[in-house]
Amino acid sequence: MTATATLTTVTALAGAFLTGTVLLAPAADAAPPPPPAASTASAHLATLTVAPEGSESGYSRDKFPHWITQSGTCNTREVVLKRDGVNVKTDSSCAAVSGTWKSPYDGATWTKASDLDIDHMVPLAEAWRSGASAWTTARRQAFANDLDSSQLWAVTDNVNQAKGDKDPAEWTPPLASFDCMYARSWIDVKYRYGLTVDSAEKTALGRLLGTC
């Protein structure tokens with residue numbers, strides 16, 4: 001790097017510091033940690049316990065504490081927005097004030113964080129009906145804020161609302177090219193957490209894996 005380029009970089013960083021904003025470089029792979037390949041996902045799917053969904057009795061989102069603080073003033077939602085966006089600027093409280101996000105569920109591009117929801121790949125209510133009702137609150141909190149798997153995605157808000165707590169037998173993203181990743185991610189989360197699948201859900205996941 002030339003002396004002029006170095007000076008330009010230092011000046012830009014100093015300006016960001018003084019204005020209280022942080023500029024993140026464009027991410028080459030702006031997405032959650034990738035799930036296992038389709039072949040591994042298929043093997044994992046075969047090991048999941050097949051059982052009818054349990055009761056939703058006693059369920060509350062409050063039993064899955066989120067969004068928790070991850071570092072400094074940044075909570076889980078804010079971390080995902082920075083991770084999944086491009087050229088994201090945040091203010092001193094870690095809120096995203098600008099950036100660009102492409103929703104993998106429908107391919108839409110957004111420039112306001114308010115247009116995005118952070119989706120739980122396996123919804124909280126679905127997890128509750130699939131075994132999480134027996135977990136401790138600490139485990140449910142870890143599940144709801146899991147940045148180490150393909151559980152959290154920045155997506156178009158109304159698409160996320162259409163999904164609700166439906167499983168892949170009841171709903172899949174509008175963008176068919178995402179079917180493979182959707183199935184691999186869903187299976188990975190259920191496998192990691194030892195959650196059950198119902199028979200229709202398992203059939204749907206196998207069909208989606210067939211698109212890989």
# chains A, B, ... in the order shown; residues from 1 in each chain; ligands from 1
call {"tool": "residues_around", "arguments": {"residues": "Arg140 of chain A", "least_positions_apart": "4", "cutoff": "10 Å", "atoms": "only C-alpha atoms", "output": "PDB file with C-alpha atoms, in the first residue's frame"}}
result
ATOM      1  CA  ARG A  61     -41.830 -16.146  23.170  1.00  0.00           C
ATOM      2  CA  ASP A  62     -40.693 -14.855  26.541  1.00  0.00           C
ATOM      3  CA  LYS A  63     -39.511 -18.378  27.316  1.00  0.00           C
ATOM      4  CA  PHE A  64     -36.903 -17.948  24.544  1.00  0.00           C
ATOM      5  CA  PRO A  65     -35.169 -14.717  25.727  1.00  0.00           C
ATOM      6  CA  HIS A  66     -34.004 -12.650  22.753  1.00  0.00           C
ATOM      7  CA  LEU A 124     -39.581 -20.739  18.354  1.00  0.00           C
ATOM      8  CA  ALA A 127     -39.179 -25.778  18.418  1.00  0.00           C
ATOM      9  CA  TRP A 128     -41.463 -25.751  21.471  1.00  0.00           C
ATOM     10  CA  ALA A 132     -37.960 -27.388  23.399  1.00  0.00           C
ATOM     11  CA  SER A 133     -40.818 -27.298  25.906  1.00  0.00           C
ATOM     12  CA  ALA A 134     -38.675 -29.614  28.059  1.00  0.00           C
ATOM     13  CA  TRP A 135     -35.546 -27.444  27.838  1.00  0.00           C
ATOM     14  CA  THR A 136     -34.171 -25.072  30.423  1.00  0.00           C
ATOM     15  CA  ALA A 144     -33.052 -18.137  20.038  1.00  0.00           C
ATOM     16  CA  ASN A 145     -29.728 -16.277  19.723  1.00  0.00           C
ATOM     17  CA  ASP A 146     -27.618 -18.918  17.956  1.00  0.00           C
TER      18      ASP A 146
END
call {"tool": "closest_residue", "arguments": {"among": "A:Glu56, A:Ser114, A:Pro36, A:Cys94", "to": "Arg129 of chain A", "atoms": "only C-alpha atoms"}}
result
A:Glu56
call {"tool": "closest_residue", "arguments": {"among": "A:Ala108, A:Val80, A:Ile68, A:Leu209", "to": "Asp157 of chain A", "atoms": "only C-alpha atoms"}}
result
A:Ala108
call {"tool": "select_by_dssp", "arguments": {"residues": "segment 109-197 of chain A", "states": "alpha helix (DSSP H)", "output": "number ranges by chain"}}
result
A: 124-129, 137-144, 157-163, 179-193
call {"tool": "closest_residue", "arguments": {"among": "A:Ala96, A:Leu48, A:Ala169, A:Val155", "to": "Thr203 of chain A", "atoms": "only C-alpha atoms"}}
result
A:Ala169
call {"tool": "closest_residue", "arguments": {"among": "A:Asp106, A:Leu175, A:Ser57, A:Ala31", "to": "Val86 of chain A", "atoms": "only C-alpha atoms"}}
result
A:Ala31
call {"tool": "residues_around", "arguments": {"residues": "Lys163 of chain A", "least_positions_apart": "3", "cutoff": "8 Å", "atoms": "only C-alpha atoms", "output": "ChimeraX atom specification"}}
result
/A:159-160,166,171-173
call {"tool": "write_last_selection", "arguments": {"atoms": "C-alpha atoms", "output": "short mmCIF file (atom, residue, chain, number, x, y, z; two decimals), in the first residue's frame"}}
result
data_model
loop_
_atom_site.label_atom_id
_atom_site.label_comp_id
_atom_site.auth_asym_id
_atom_site.auth_seq_id
_atom_site.Cartn_x
_atom_site.Cartn_y
_atom_site.Cartn_z
CA VAL A 159 -42.17 -12.76 4.12
CA ASN A 160 -41.08 -13.75 7.61
CA LYS A 166 -44.91 -23.10 9.88
CA TRP A 171 -44.44 -23.13 3.94
CA THR A 172 -41.27 -22.65 1.91
CA PRO A 173 -39.61 -19.39 0.79
#
call {"tool": "select_by_dssp", "arguments": {"residues": "segment 120-163 of chain A", "states": "strand (DSSP E or B)", "output": "JSON, numbers by chain"}}
result
{"A": [120, 152, 153, 154, 155, 156]}
call {"tool": "write_last_selection", "arguments": {"atoms": "N, CA, C and O atoms", "output": "short mmCIF file (atom, residue, chain, number, x, y, z; two decimals), in the first residue's frame"}}
result
data_model
loop_
_atom_site.label_atom_id
_atom_site.label_comp_id
_atom_site.auth_asym_id
_atom_site.auth_seq_id
_atom_site.Cartn_x
_atom_site.Cartn_y
_atom_site.Cartn_z
N HIS A 120 -35.92 -16.85 12.72
CA HIS A 120 -35.41 -18.11 13.27
C HIS A 120 -35.75 -19.19 12.25
O HIS A 120 -36.93 -19.44 11.98
N LEU A 152 -30.29 -18.12 12.21
CA LEU A 152 -30.75 -16.73 12.13
C LEU A 152 -30.46 -16.12 10.75
O LEU A 152 -29.33 -16.13 10.28
N TRP A 153 -31.50 -15.54 10.15
CA TRP A 153 -31.39 -14.97 8.80
C TRP A 153 -32.08 -13.61 8.75
O TRP A 153 -33.19 -13.46 9.27
N ALA A 154 -31.44 -12.64 8.09
CA ALA A 154 -32.06 -11.33 7.86
C ALA A 154 -32.90 -11.42 6.58
O ALA A 154 -32.36 -11.63 5.49
N VAL A 155 -34.22 -11.28 6.73
CA VAL A 155 -35.13 -11.49 5.61
C VAL A 155 -36.20 -10.41 5.56
O VAL A 155 -36.44 -9.71 6.55
N THR A 156 -36.86 -10.30 4.42
CA THR A 156 -37.97 -9.35 4.26
C THR A 156 -39.01 -9.58 5.34
O THR A 156 -39.46 -10.70 5.56
#
call {"tool": "closest_atom_pairs", "arguments": {"of": "segment 98-177 of chain A", "to": "segment 189-201 of chain A", "cutoff": "9 Å", "atoms": "only C-alpha atoms", "output": "CSV"}}
result
residue,atom,partner,partner_atom,distance
A:Met121,CA,A:Val189,CA,7.8
A:Val122,CA,A:Val189,CA,6.9
A:Ala127,CA,A:Leu195,CA,7.0
A:Arg129,CA,A:Thr196,CA,8.7
A:Ser130,CA,A:Thr196,CA,5.0
A:Gly131,CA,A:Leu195,CA,5.5
A:Ala132,CA,A:Leu195,CA,7.4
A:Phe143,CA,A:Tyr193,CA,8.1
A:Ser149,CA,A:Val189,CA,7.0
A:Ser150,CA,A:Val189,CA,6.9
A:Gln151,CA,A:Val189,CA,6.3
A:Asp167,CA,A:Glu201,CA,6.5
A:Pro168,CA,A:Glu201,CA,5.9
A:Ala169,CA,A:Glu201,CA,4.9
A:Glu170,CA,A:Glu201,CA,8.1
